[in-house]
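Below: my_file_33.cif (mmCIF, C-alpha atoms and all ligand atoms)
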```cif
data_my_file
loop_
_atom_site.label_atom_id
_atom_site.label_comp_id
_atom_site.auth_asym_id
_atom_site.auth_seq_id
_atom_site.Cartn_x
_atom_site.Cartn_y
_atom_site.Cartn_z
CA MET Z 1 30.83 2.00 5.32
CA LEU Z 2 34.28 1.93 6.83
CA SER Z 3 34.88 5.54 5.98
CA ILE Z 4 31.67 6.63 7.68
CA LEU Z 5 32.65 4.69 10.77
CA PHE Z 6 36.07 6.34 10.73
CA VAL Z 7 34.53 9.76 10.42
CA ALA Z 8 32.25 8.98 13.34
CA SER Z 9 34.97 7.57 15.57
CA ILE Z 10 38.13 9.46 14.65
CA MET Z 11 37.21 12.67 12.85
CA MET Z 12 34.28 13.77 14.98
CA PRO Z 13 36.34 14.10 18.16
CA LEU Z 14 38.64 16.47 16.23
CA PHE Z 15 35.76 18.83 15.44
CA LEU Z 16 33.60 18.62 18.51
CA PRO Z 17 34.46 19.62 22.07
CA GLU Z 18 34.52 16.80 24.58
CA ALA Z 19 31.26 17.88 26.20
CA LEU Z 20 29.27 17.71 22.96
CA LEU Z 21 30.74 14.43 21.83
CA PRO Z 22 28.32 11.52 22.10
CA ASP Z 23 29.45 8.15 23.30
CA LYS Z 24 31.50 6.08 20.87
CA PHE Z 25 28.73 3.49 20.67
CA VAL Z 26 26.11 6.09 19.85
CA ARG Z 27 28.34 7.49 17.14
CA ALA Z 28 28.81 4.06 15.60
CA LEU Z 29 25.07 3.50 15.80
CA VAL Z 30 24.31 6.77 14.06
CA ALA Z 31 26.90 6.00 11.39
CA LEU Z 32 25.41 2.57 10.72
CA THR Z 33 21.92 4.02 10.63
CA ILE Z 34 22.81 6.68 8.10
CA PHE Z 35 24.60 4.12 6.00
CA ALA Z 36 21.68 1.69 6.06
CA ALA Z 37 19.19 4.48 5.36
CA ALA Z 38 21.10 5.55 2.26
CA TYR Z 39 21.18 2.02 0.94
CA LEU Z 40 17.52 1.32 1.69
CA ALA Z 41 16.47 4.61 0.11
CA GLU Z 42 18.33 3.63 -3.03
CA VAL Z 43 16.60 0.26 -3.13
CA ILE Z 44 13.16 1.84 -2.68
CA ARG Z 45 13.91 4.42 -5.34
CA GLY Z 46 14.44 1.51 -7.71
CA GLY Z 47 11.00 0.21 -6.75
CA LEU Z 48 9.39 3.60 -7.34
CA GLN Z 49 10.83 3.70 -10.83
CA ALA Z 50 9.21 0.36 -11.58
CA ILE Z 51 5.72 1.82 -11.09
CA PRO Z 52 4.19 2.74 -14.45
CA ASN Z 53 2.98 6.27 -15.04
CA GLY Z 54 -0.56 5.00 -15.53
CA GLN Z 55 -0.83 4.32 -11.80
CA TYR Z 56 -0.13 7.96 -10.98
CA GLU Z 57 -2.56 9.05 -13.67
CA ALA Z 58 -5.34 6.75 -12.51
CA ALA Z 59 -4.95 7.96 -8.93
CA ALA Z 60 -4.85 11.59 -10.04
CA SER Z 61 -7.93 11.17 -12.22
CA LEU Z 62 -9.84 9.94 -9.16
CA GLY Z 63 -8.88 13.08 -7.27
CA LEU Z 64 -6.42 11.47 -4.87
CA PRO Z 65 -3.93 14.10 -3.72
CA PHE Z 66 -0.17 13.52 -4.03
CA TRP Z 67 0.62 12.08 -0.58
CA ARG Z 68 -2.48 9.90 -0.51
CA THR Z 69 -1.42 8.53 -3.87
CA GLN Z 70 2.05 7.76 -2.58
CA ARG Z 71 0.77 6.04 0.53
CA LEU Z 72 -2.17 4.10 -0.91
CA VAL Z 73 -1.13 3.36 -4.47
CA ILE Z 74 2.56 3.85 -5.18
CA LEU Z 75 4.49 2.76 -2.08
CA PRO Z 76 2.59 -0.48 -1.45
CA GLN Z 77 3.47 -1.57 -4.98
CA ALA Z 78 7.00 -0.18 -4.98
CA ILE Z 79 7.95 -1.84 -1.72
CA ARG Z 80 6.49 -5.13 -2.83
CA VAL Z 81 8.65 -5.08 -5.93
CA VAL Z 82 11.80 -4.56 -3.90
CA ILE Z 83 11.15 -6.91 -0.97
CA PRO Z 84 13.92 -9.31 -2.10
CA ALA Z 85 16.42 -6.50 -2.58
CA LEU Z 86 15.33 -4.95 0.70
CA ALA Z 87 15.85 -8.22 2.53
CA ASN Z 88 19.28 -8.63 0.97
CA THR Z 89 20.32 -5.18 2.05
CA ILE Z 90 19.12 -5.73 5.59
CA ILE Z 91 20.89 -9.07 5.90
CA VAL Z 92 24.09 -7.48 4.64
CA MET Z 93 23.62 -4.73 7.24
CA ILE Z 94 23.28 -7.33 9.99
CA LYS Z 95 26.57 -8.84 8.96
CA ASN Z 96 28.12 -5.41 8.53
CA THR Z 97 27.77 -4.78 12.23
CA SER Z 98 31.00 -6.74 12.58
CA LEU Z 99 32.82 -3.84 10.99
CA ILE Z 100 32.48 -1.72 14.10
CA LEU Z 101 35.47 -3.75 15.29
CA VAL Z 102 37.75 -1.44 13.32
CA ILE Z 103 36.87 1.49 15.55
CA GLY Z 104 37.52 -0.52 18.67
CA LEU Z 105 34.00 -1.54 19.57
CA PHE Z 106 33.08 -5.14 20.15
CA ASP Z 107 30.69 -6.84 17.79
CA LEU Z 108 29.42 -10.38 18.19
CA ILE Z 109 32.58 -12.04 16.84
CA SER Z 110 35.04 -9.94 18.74
CA SER Z 111 33.01 -10.47 21.89
CA GLY Z 112 33.47 -14.19 21.31
CA LYS Z 113 37.18 -13.72 20.84
CA ALA Z 114 37.35 -11.70 24.01
CA ALA Z 115 35.59 -14.51 25.85
CA LEU Z 116 38.14 -16.97 24.49
CA ALA Z 117 41.00 -14.81 25.65
CA ASP Z 118 39.59 -14.50 29.17
CA PRO Z 119 41.55 -16.85 31.44
CA GLU Z 120 38.86 -16.57 34.13
CA TRP Z 121 36.29 -18.10 31.77
CA PRO Z 122 37.73 -20.98 29.80
CA SER Z 123 35.62 -21.63 26.73
CA PRO Z 124 36.28 -24.05 23.84
CA ALA Z 125 36.99 -22.16 20.62
CA ALA Z 126 35.01 -24.35 18.24
CA GLU Z 127 31.82 -24.10 20.27
CA THR Z 128 32.13 -20.37 20.72
CA PHE Z 129 32.39 -19.77 16.99
CA LEU Z 130 29.69 -22.30 16.21
CA PHE Z 131 27.43 -20.49 18.62
CA ILE Z 132 28.21 -17.11 17.06
CA GLY Z 133 27.56 -18.62 13.65
CA ALA Z 134 24.25 -19.94 14.91
CA ILE Z 135 23.21 -16.49 16.08
CA PHE Z 136 24.06 -14.91 12.72
CA PHE Z 137 22.32 -17.75 10.93
CA ALA Z 138 19.20 -17.42 13.05
CA LEU Z 139 19.05 -13.65 12.44
CA SER Z 140 19.60 -13.87 8.70
CA PHE Z 141 17.48 -16.95 8.13
CA SER Z 142 14.49 -15.74 10.09
CA PHE Z 143 14.66 -12.44 8.29
CA ALA Z 144 14.85 -14.15 4.92
CA ARG Z 145 11.79 -16.21 5.82
CA PHE Z 146 9.96 -13.11 6.95
CA ALA Z 147 10.71 -11.44 3.60
CA ASP Z 148 9.50 -14.55 1.85
CA PHE Z 149 6.25 -14.37 3.77
CA LEU Z 150 5.78 -10.70 2.88
CA GLU Z 151 6.39 -11.45 -0.75
CA ARG Z 152 3.78 -14.20 -0.82
CA ARG Z 153 1.15 -12.03 0.80
CA GLY Z 154 -1.29 -10.08 -1.38
CA PRO Z 155 -2.03 -10.65 -5.05
CA ALA Z 156 -0.10 -13.29 -6.92
CA ALA Z 157 2.61 -11.84 -9.09
CA HIS Z 158 1.58 -11.72 -12.73
CA MET H 1 -38.03 33.17 -32.03
CA LEU H 2 -38.56 35.67 -29.26
CA ASN H 3 -41.38 33.57 -27.99
CA SER H 4 -39.30 30.47 -27.65
CA VAL H 5 -36.58 32.36 -25.76
CA SER H 6 -39.01 33.68 -23.18
CA ALA H 7 -40.56 30.25 -22.92
CA ILE H 8 -37.19 28.84 -21.99
CA ARG H 9 -36.74 31.48 -19.30
CA HIS H 10 -39.87 30.30 -17.58
CA VAL H 11 -38.81 26.69 -17.50
CA PRO H 12 -35.60 26.71 -15.51
CA SER H 13 -35.17 22.93 -15.47
CA LEU H 14 -35.14 22.60 -19.24
CA PRO H 15 -31.92 20.76 -20.07
CA MET H 16 -29.04 22.07 -22.18
CA THR H 17 -30.48 25.34 -23.37
CA ASN H 18 -29.98 27.46 -20.27
CA ASP H 19 -27.46 25.24 -18.52
CA PRO H 20 -23.92 26.51 -18.59
CA ALA H 21 -21.51 24.31 -20.53
CA VAL H 22 -19.88 21.50 -18.57
CA VAL H 23 -16.62 21.90 -20.39
CA GLU H 24 -15.53 25.04 -22.17
CA MET H 25 -12.23 25.22 -24.02
CA VAL H 26 -11.38 28.57 -25.54
CA GLY H 27 -8.27 29.17 -27.65
CA VAL H 28 -6.35 26.36 -25.98
CA ASN H 29 -2.78 25.89 -27.11
CA LYS H 30 -0.20 23.42 -25.91
CA TRP H 31 3.40 22.77 -26.79
CA TYR H 32 5.76 19.94 -25.98
CA GLY H 33 9.01 21.85 -26.20
CA ALA H 34 8.95 23.22 -29.73
CA PHE H 35 6.24 20.82 -30.87
CA HIS H 36 2.84 22.50 -31.14
CA SER H 37 0.50 19.71 -30.01
CA LEU H 38 -2.79 21.60 -29.58
CA LYS H 39 -3.61 24.53 -31.83
CA ASN H 40 -6.36 26.99 -30.89
CA ILE H 41 -8.81 24.43 -29.60
CA ASP H 42 -12.33 25.81 -29.14
CA LEU H 43 -14.82 23.30 -27.84
CA THR H 44 -17.93 23.59 -25.71
CA ILE H 45 -19.64 20.57 -24.26
CA GLN H 46 -23.15 20.79 -22.87
CA ARG H 47 -24.43 18.71 -20.01
CA GLY H 48 -25.54 15.29 -21.19
CA GLU H 49 -23.76 15.59 -24.50
CA LYS H 50 -21.78 12.71 -25.99
CA LEU H 51 -18.78 13.50 -28.13
CA VAL H 52 -16.65 11.06 -30.05
CA ILE H 53 -13.20 12.30 -30.94
CA CYS H 54 -11.32 10.70 -33.78
CA GLY H 55 -8.31 11.42 -35.91
CA PRO H 56 -5.01 9.93 -36.99
CA SER H 57 -2.37 8.81 -34.52
CA GLY H 58 -0.50 11.73 -33.02
CA SER H 59 -3.22 14.24 -33.84
CA GLY H 60 -3.58 15.31 -30.21
CA LYS H 61 -6.76 13.50 -29.19
CA SER H 62 -5.31 12.13 -25.97
CA THR H 63 -3.58 15.39 -25.21
CA MET H 64 -6.84 17.30 -25.57
CA ILE H 65 -8.94 15.16 -23.27
CA ARG H 66 -6.10 14.87 -20.77
CA CYS H 67 -6.04 18.65 -20.54
CA ILE H 68 -9.61 18.55 -19.24
CA ASN H 69 -8.55 16.88 -15.99
CA ARG H 70 -5.08 18.38 -16.04
CA LEU H 71 -3.12 15.24 -16.63
CA GLU H 72 -1.58 17.57 -19.18
CA GLU H 73 -1.12 21.28 -18.70
CA HIS H 74 -2.12 23.73 -21.39
CA GLN H 75 -0.03 26.83 -21.91
CA GLN H 76 -2.51 29.19 -23.51
CA GLY H 77 -6.24 29.70 -23.51
CA ARG H 78 -8.96 28.87 -21.03
CA ILE H 79 -10.40 25.56 -19.91
CA VAL H 80 -13.43 25.77 -17.63
CA VAL H 81 -14.84 22.54 -16.23
CA ASP H 82 -18.17 22.70 -14.46
CA GLY H 83 -17.67 26.36 -13.69
CA ILE H 84 -14.13 26.01 -12.38
CA GLU H 85 -11.27 27.31 -14.47
CA LEU H 86 -8.17 25.12 -14.64
CA THR H 87 -5.22 27.08 -13.38
CA GLY H 88 -2.14 26.16 -11.37
CA ASP H 89 -4.31 26.00 -8.24
CA LEU H 90 -3.88 22.43 -6.95
CA LYS H 91 -7.01 22.59 -4.78
CA LYS H 92 -9.15 23.37 -7.80
CA ILE H 93 -7.44 20.70 -9.87
CA ASP H 94 -8.24 18.03 -7.30
CA GLU H 95 -11.77 19.38 -7.06
CA ILE H 96 -12.23 19.01 -10.81
CA ARG H 97 -10.63 15.58 -10.90
CA ARG H 98 -13.11 14.32 -8.31
CA ASP H 99 -15.94 15.12 -10.69
CA VAL H 100 -14.31 14.03 -13.93
CA GLY H 101 -13.97 10.30 -14.46
CA MET H 102 -11.36 8.91 -16.80
CA VAL H 103 -10.99 5.52 -18.43
CA PHE H 104 -7.63 4.67 -19.94
CA GLN H 105 -6.57 2.49 -22.82
CA HIS H 106 -4.63 0.20 -20.49
CA PHE H 107 -7.20 0.19 -17.66
CA ASN H 108 -4.68 1.29 -15.01
CA LEU H 109 -6.36 -0.59 -12.21
CA PHE H 110 -4.43 -0.79 -8.94
CA PRO H 111 -2.94 -4.30 -9.09
CA HIS H 112 -2.25 -4.58 -5.35
CA LEU H 113 -5.90 -4.03 -4.42
CA THR H 114 -8.92 -6.25 -4.95
CA ILE H 115 -11.61 -5.14 -7.37
CA LEU H 116 -13.76 -3.97 -4.48
CA GLU H 117 -10.85 -2.06 -2.94
CA ASN H 118 -10.11 -0.49 -6.33
CA LEU H 119 -13.66 0.81 -6.39
CA THR H 120 -13.84 2.03 -2.81
CA LEU H 121 -10.38 3.66 -2.57
CA ALA H 122 -11.35 7.09 -3.90
CA PRO H 123 -14.83 7.27 -2.32
CA ILE H 124 -13.29 6.51 1.07
CA TRP H 125 -10.20 8.73 0.86
CA VAL H 126 -11.44 11.52 -1.36
CA ARG H 127 -15.17 11.66 -0.66
CA LYS H 128 -14.62 10.62 2.99
CA MET H 129 -17.33 8.03 2.72
CA ARG H 130 -17.71 5.30 5.31
CA ARG H 131 -16.40 1.92 4.14
CA LYS H 132 -19.80 0.22 4.37
CA GLU H 133 -21.46 2.83 2.24
CA ALA H 134 -18.61 2.88 -0.28
CA GLU H 135 -18.82 -0.89 -0.61
CA GLN H 136 -22.55 -0.74 -1.21
CA ILE H 137 -22.06 1.79 -3.99
CA ALA H 138 -19.18 -0.25 -5.41
CA MET H 139 -21.31 -3.39 -5.51
CA HIS H 140 -24.07 -1.44 -7.19
CA TYR H 141 -21.75 -0.38 -10.01
CA LEU H 142 -20.13 -3.81 -10.27
CA ASP H 143 -23.63 -5.11 -10.80
CA ARG H 144 -24.16 -2.52 -13.50
CA VAL H 145 -21.03 -3.58 -15.39
CA LYS H 146 -22.14 -7.18 -14.83
CA ILE H 147 -19.26 -8.56 -12.77
CA PRO H 148 -20.42 -8.55 -9.13
CA ASP H 149 -18.97 -12.05 -8.67
CA GLN H 150 -15.41 -10.79 -9.23
CA ALA H 151 -15.41 -8.31 -6.33
CA HIS H 152 -12.81 -10.12 -4.26
CA LYS H 153 -10.40 -11.00 -7.04
CA TYR H 154 -7.36 -9.01 -8.03
CA PRO H 155 -7.18 -7.15 -11.38
CA GLY H 156 -4.54 -9.56 -12.68
CA GLN H 157 -7.06 -12.40 -12.45
CA LEU H 158 -9.58 -10.75 -14.78
CA SER H 159 -9.80 -10.63 -18.56
CA GLY H 160 -9.07 -7.38 -20.37
CA GLY H 161 -12.73 -6.67 -21.00
CA GLN H 162 -13.59 -7.30 -17.37
CA GLN H 163 -10.75 -5.07 -16.22
CA GLN H 164 -11.94 -2.26 -18.43
CA ARG H 165 -15.47 -2.59 -17.07
CA VAL H 166 -14.04 -2.45 -13.55
CA ALA H 167 -12.18 0.71 -14.56
CA ILE H 168 -15.45 2.24 -15.75
CA ALA H 169 -17.15 1.22 -12.50
CA ARG H 170 -14.27 2.67 -10.50
CA SER H 171 -14.83 6.06 -12.12
CA LEU H 172 -18.60 5.84 -11.68
CA CYS H 173 -18.21 5.27 -7.93
CA MET H 174 -17.13 8.90 -7.67
CA SER H 175 -20.43 9.98 -9.31
CA PRO H 176 -18.62 11.99 -11.97
CA LYS H 177 -20.31 14.73 -13.95
CA ILE H 178 -18.28 13.92 -17.04
CA MET H 179 -16.59 10.77 -18.23
CA LEU H 180 -13.50 10.85 -20.41
CA PHE H 181 -12.56 7.75 -22.36
CA ASP H 182 -9.19 7.45 -24.09
CA GLU H 183 -9.41 4.61 -26.59
CA PRO H 184 -11.04 2.31 -24.04
CA THR H 185 -11.33 -0.63 -26.41
CA SER H 186 -8.17 -0.45 -28.49
CA ALA H 187 -6.08 -2.59 -26.13
CA LEU H 188 -8.75 -5.30 -26.02
CA ASP H 189 -9.07 -8.55 -27.89
CA PRO H 190 -11.85 -8.23 -30.48
CA GLU H 191 -14.24 -10.51 -28.64
CA MET H 192 -14.11 -8.25 -25.58
CA VAL H 193 -14.72 -4.97 -27.35
CA LYS H 194 -18.47 -5.45 -27.41
CA GLU H 195 -18.93 -5.95 -23.67
CA VAL H 196 -17.11 -2.69 -22.98
CA LEU H 197 -18.95 -0.77 -25.69
CA ASP H 198 -22.27 -2.10 -24.37
CA THR H 199 -21.38 -0.72 -20.95
CA MET H 200 -20.58 2.63 -22.51
CA VAL H 201 -23.80 2.68 -24.52
CA SER H 202 -25.90 2.05 -21.45
CA LEU H 203 -24.00 4.81 -19.64
CA ALA H 204 -24.76 7.14 -22.53
CA GLU H 205 -28.42 6.20 -22.45
CA GLU H 206 -28.59 7.24 -18.82
CA GLY H 207 -27.54 10.73 -19.79
CA MET H 208 -23.88 10.80 -18.75
CA THR H 209 -21.82 13.53 -20.36
CA MET H 210 -19.17 11.64 -22.30
CA LEU H 211 -16.04 12.43 -24.27
CA CYS H 212 -14.70 9.39 -26.03
CA VAL H 213 -11.58 9.10 -28.08
CA SER H 214 -12.55 6.13 -30.19
CA HIS H 215 -12.46 4.80 -33.70
CA GLU H 216 -15.45 2.54 -33.10
CA MET H 217 -17.76 3.88 -35.77
CA GLY H 218 -20.70 1.77 -34.73
CA PHE H 219 -20.47 3.23 -31.26
CA ALA H 220 -20.11 6.76 -32.63
CA ARG H 221 -23.17 6.37 -34.83
CA GLN H 222 -25.20 4.92 -32.00
CA VAL H 223 -24.50 7.37 -29.19
CA ALA H 224 -22.56 10.41 -30.39
CA ASP H 225 -24.29 13.76 -30.61
CA ARG H 226 -21.25 15.15 -32.39
CA VAL H 227 -18.08 13.73 -33.86
CA VAL H 228 -14.93 15.80 -33.46
CA PHE H 229 -12.25 15.14 -36.03
CA MET H 230 -8.71 16.19 -35.15
CA ASP H 231 -5.58 16.32 -37.25
CA GLN H 232 -2.15 17.72 -36.41
CA GLY H 233 -3.31 19.31 -33.19
CA GLU H 234 -6.31 21.07 -34.70
CA ILE H 235 -10.02 20.44 -34.62
CA VAL H 236 -10.69 20.10 -38.32
CA GLU H 237 -14.36 19.23 -38.31
CA ILE H 238 -17.23 18.91 -35.87
CA ASN H 239 -20.23 17.19 -37.34
CA THR H 240 -23.10 14.83 -36.60
CA PRO H 241 -22.02 11.21 -36.85
CA ALA H 242 -24.41 10.51 -39.72
CA GLU H 243 -23.03 13.32 -41.81
CA PHE H 244 -19.43 12.87 -40.75
CA PHE H 245 -19.29 9.25 -41.80
CA SER H 246 -21.30 9.63 -45.01
CA SER H 247 -20.29 13.05 -46.35
CA PRO H 248 -17.54 14.72 -44.35
CA HIS H 249 -16.95 18.36 -45.18
CA HIS H 250 -13.18 18.38 -45.12
CA GLU H 251 -10.58 16.83 -47.39
CA ARG H 252 -8.60 15.63 -44.39
CA SER H 253 -11.66 13.98 -42.86
CA LYS H 254 -12.32 12.15 -46.13
CA LEU H 255 -8.73 10.97 -46.28
CA PHE H 256 -8.88 9.73 -42.70
CA LEU H 257 -12.17 7.92 -43.21
CA ALA H 258 -10.86 6.32 -46.37
CA GLN H 259 -7.95 4.98 -44.34
CA ILE H 260 -9.91 3.54 -41.45
CA LEU H 261 -12.45 2.03 -43.83
CA HIS H 262 -9.60 0.58 -45.97
N1 LIG R 301 5.04 13.81 -23.23
C1 LIG R 301 5.21 14.17 -24.51
N2 LIG R 301 6.34 14.77 -24.90
C2 LIG R 301 6.52 15.15 -26.18
N3 LIG R 301 5.62 14.98 -27.16
C3 LIG R 301 4.46 14.38 -26.84
C4 LIG R 301 4.20 13.94 -25.50
N4 LIG R 301 2.97 13.39 -25.47
C5 LIG R 301 2.51 13.46 -26.73
N5 LIG R 301 3.40 14.06 -27.56
C6 LIG R 301 3.20 14.34 -28.98
O1 LIG R 301 2.01 15.06 -29.13
C7 LIG R 301 1.31 14.61 -30.27
C8 LIG R 301 -0.10 14.28 -29.89
O2 LIG R 301 -0.11 13.15 -29.04
P1 LIG R 301 -1.41 12.43 -28.58
O3 LIG R 301 -1.01 11.35 -27.66
O4 LIG R 301 -2.36 13.44 -28.07
O5 LIG R 301 -1.96 11.83 -29.93
P2 LIG R 301 -3.22 10.94 -30.15
O6 LIG R 301 -4.08 11.68 -31.11
O7 LIG R 301 -3.82 10.55 -28.87
O8 LIG R 301 -2.60 9.68 -30.90
P3 LIG R 301 -2.91 8.13 -30.71
O9 LIG R 301 -4.07 7.81 -31.59
O10 LIG R 301 -1.65 7.49 -31.19
O11 LIG R 301 -3.18 7.89 -29.26
C9 LIG R 301 2.08 13.43 -30.83
O12 LIG R 301 2.75 13.85 -31.98
C10 LIG R 301 3.04 13.07 -29.75
O13 LIG R 301 4.27 12.66 -30.31
MG MG R 302 -3.92 8.72 -27.73
#
```
Output the structure of this file as structure tokens.
Amino acid sequence: MLSILFVASIMMPLFLPEALLPDKFVRALVALTIFAAAYLAEVIRGGLQAIPNGQYEAAASLGLPFWRTQRLVILPQAIRVVIPALANTIIVMIKNTSLILVIGLFDLISSGKAALADPEWPSPAAETFLFIGAIFFALSFSFARFADFLERRGPAAH
Amino acid sequence: MLNSVSAIRHVPSLPMTNDPAVVEMVGVNKWYGAFHSLKNIDLTIQRGEKLVICGPSGSGKSTMIRCINRLEEHQQGRIVVDGIELTGDLKKIDEIRRDVGMVFQHFNLFPHLTILENLTLAPIWVRKMRRKEAEQIAMHYLDRVKIPDQAHKYPGQLSGGQQQRVAIARSLCMSPKIMLFDEPTSALDPEMVKEVLDTMVSLAEEGMTMLCVSHEMGFARQVADRVVFMDQGEIVEINTPAEFFSSPHHERSKLFLAQILH
């Protein structure tokens, strides 16, 4: 995670001419996206491996072509299996956004700190951090509940 | 003799005699690595015929019927299903699979779909049927396997016997020309075997072409036109059920029958 951010923020400018270089924020965004995608793909791969061969065979024996099978039979089951792991990964990613601090961008926490340091805008430290905490909590908690809802939908686990 | 041949020529709708075979296997060989799992299989199945395949564990029964819809690939020989030869051509494979139903030992229903959705999935996405029509057909077949009241449940909520009947109905919804059964009752509790066999018997009585891997002798006697006995990847004996079970021709068949009869 950190190394990808460093590549995006420090190495890329060494390779690319100024004109082709995207904004620092865009680079951080792309880095985070790639990182998240790799993790999510890994989680979903785990789900795919949990699907027994018989499901592929049953779909094939009905004449469903490969991509139809993936979309209608395999993925719905695979994703359902990994909803908890998927939710975990996404919540970790939300918190990981703080790491962009190391390349000099402001995340939620460092924005709070910046506000504290601003003499023009006196703000009490405790409340600032409580508020930031509340935002993180709201994001993570609502996502966890959403995952819970997804998991409960459809056939009961057996 | 000559007379009867010309008589057949004038009656084109006469079944079996002038119909091409539904399944034709000629000199089929298959290997798993170095292991020779099918050895020179020659088998021709006529329309409407019912075959029961039996043999010891590992004799290649599953492998053979799975070659017919290409769940397994054969390496040598020819397999022609309903006039289409099985080659690497994916289009043809899907075409054959549409018309060949298969029922598995472990049902393999789609657990994330309701019974009705299990039955309509392929008709809608493969046959491009409208949902309404597919559901009508699905209900018709659920009626036939005697569980129309379970249509909106999920597979996990049904008993093994009910699940297997759903699996049969799911195949029938595609109006297959042949049905393959791979030990459809051997994963069932004894009290559920009968309901599944009854379903299969009534299917046989309606003239479905059937290939069943099964050790249910009662079923074989009742519906089979021929019994195919396999051992070590070979077809050892093909016989009528009456003769096969009372006086089999081959030593290996006798040995096998002695074992399953204790
Ligand atoms: N994927 C595979 N890889 C290697 N060997 C296999 C594979 N599938 C089957 N075999 C071997 O091929 C032989 C035939 O298997 P098959 O499943 O057709 O037997 P069967 O007659 O159906 O037996 P059973 O009554 O146990 O189902 C067995 O010896 C088995 O070990
Ligand atoms: Mg088998």
Any residue with an atom at most 8 Å from ligand MG 302 (chain R) counts, using only C-alpha atoms and all ligand atoms. Which are they? Put them as a PDB file with C-alpha atoms, keeping the file's coordinate frame.
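File out39.pdb, as written:
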```pdb
ATOM      1  CA  SER H  57      -2.370   8.810 -34.520  1.00  0.00           C
ATOM      2  CA  GLY H  58      -0.500  11.730 -33.020  1.00  0.00           C
ATOM      3  CA  GLY H  60      -3.580  15.310 -30.210  1.00  0.00           C
ATOM      4  CA  LYS H  61      -6.760  13.500 -29.190  1.00  0.00           C
ATOM      5  CA  SER H  62      -5.310  12.130 -25.970  1.00  0.00           C
ATOM      6  CA  THR H  63      -3.580  15.390 -25.210  1.00  0.00           C
ATOM      7  CA  ASP H 182      -9.190   7.450 -24.090  1.00  0.00           C
ATOM      8  CA  GLU H 183      -9.410   4.610 -26.590  1.00  0.00           C
ATOM      9  CA  VAL H 213     -11.580   9.100 -28.080  1.00  0.00           C
TER      10      VAL H 213
END
```
Could you tell me which of Z:Leu86, Z:Ile94, Z:Ile103, Z:Ala8 comes closest to Z:Phe146 if we count all atoms listed in the file? Z:Leu86
Shell of 12 Å around Z:Phe149, all atoms listed in the file, local chain residues under 4 positions omitted, as a short mmCIF file (atom, residue, chain, number, x, y, z; two decimals) with C-alpha atoms, in the frame of the given file:
```
data_model
loop_
_atom_site.label_atom_id
_atom_site.label_comp_id
_atom_site.auth_asym_id
_atom_site.auth_seq_id
_atom_site.Cartn_x
_atom_site.Cartn_y
_atom_site.Cartn_z
CA ARG Z 80 6.49 -5.13 -2.83
CA ILE Z 83 11.15 -6.91 -0.97
CA PRO Z 84 13.92 -9.31 -2.10
CA ALA Z 87 15.85 -8.22 2.53
CA SER Z 142 14.49 -15.74 10.09
CA PHE Z 143 14.66 -12.44 8.29
CA ALA Z 144 14.85 -14.15 4.92
CA ARG Z 145 11.79 -16.21 5.82
CA ARG Z 153 1.15 -12.03 0.80
CA GLY Z 154 -1.29 -10.08 -1.38
#
```
Set the distance at 8 Å and use all atoms listed in the file: which residues neighbour H:Ala224 once local chain neighbours fewer than 4 positions away are removed? I'd like the list as a tab-separated table (two decimals) with C-alpha atoms, keeping the file's coordinate frame.
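Below is the file part07.tsv, written as the result:
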```tsv
chain	number	residue	atom	x	y	z
H	49	GLU	CA	-23.76	15.59	-24.50
H	50	LYS	CA	-21.78	12.71	-25.99
H	51	LEU	CA	-18.78	13.50	-28.13
H	52	VAL	CA	-16.65	11.06	-30.05
H	219	PHE	CA	-20.47	3.23	-31.26
H	220	ALA	CA	-20.11	6.76	-32.63
H	240	THR	CA	-23.10	14.83	-36.60
H	241	PRO	CA	-22.02	11.21	-36.85
```
Pick the closest to Z:Thr89 from Z:Ser110, Z:Asn53, Z:Gln70, Z:Ser140: which is it, counting only C-alpha atoms?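 Among Z:Ser110, Z:Asn53, Z:Gln70, Z:Ser140, it is Z:Ser140 that comes nearest to Z:Thr89.
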Environment of ligand LIG 301 (chain R) within 10 Å, counting all atoms listed in the file, reported as JSON, numbers by chain: {"H": [30, 31, 32, 33, 34, 35, 36, 37, 38, 53, 54, 55, 56, 57, 58, 59, 60, 61, 62, 63, 64, 65, 66, 67, 72, 105, 182, 183, 186, 213, 214, 215, 230, 231, 232, 233]}
In Å, rounded to a single decimal, give me how far atom CA of H:His112 is from atom CA of H:Tyr154.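 That distance, rounded to one decimal, is 7.3 Å.
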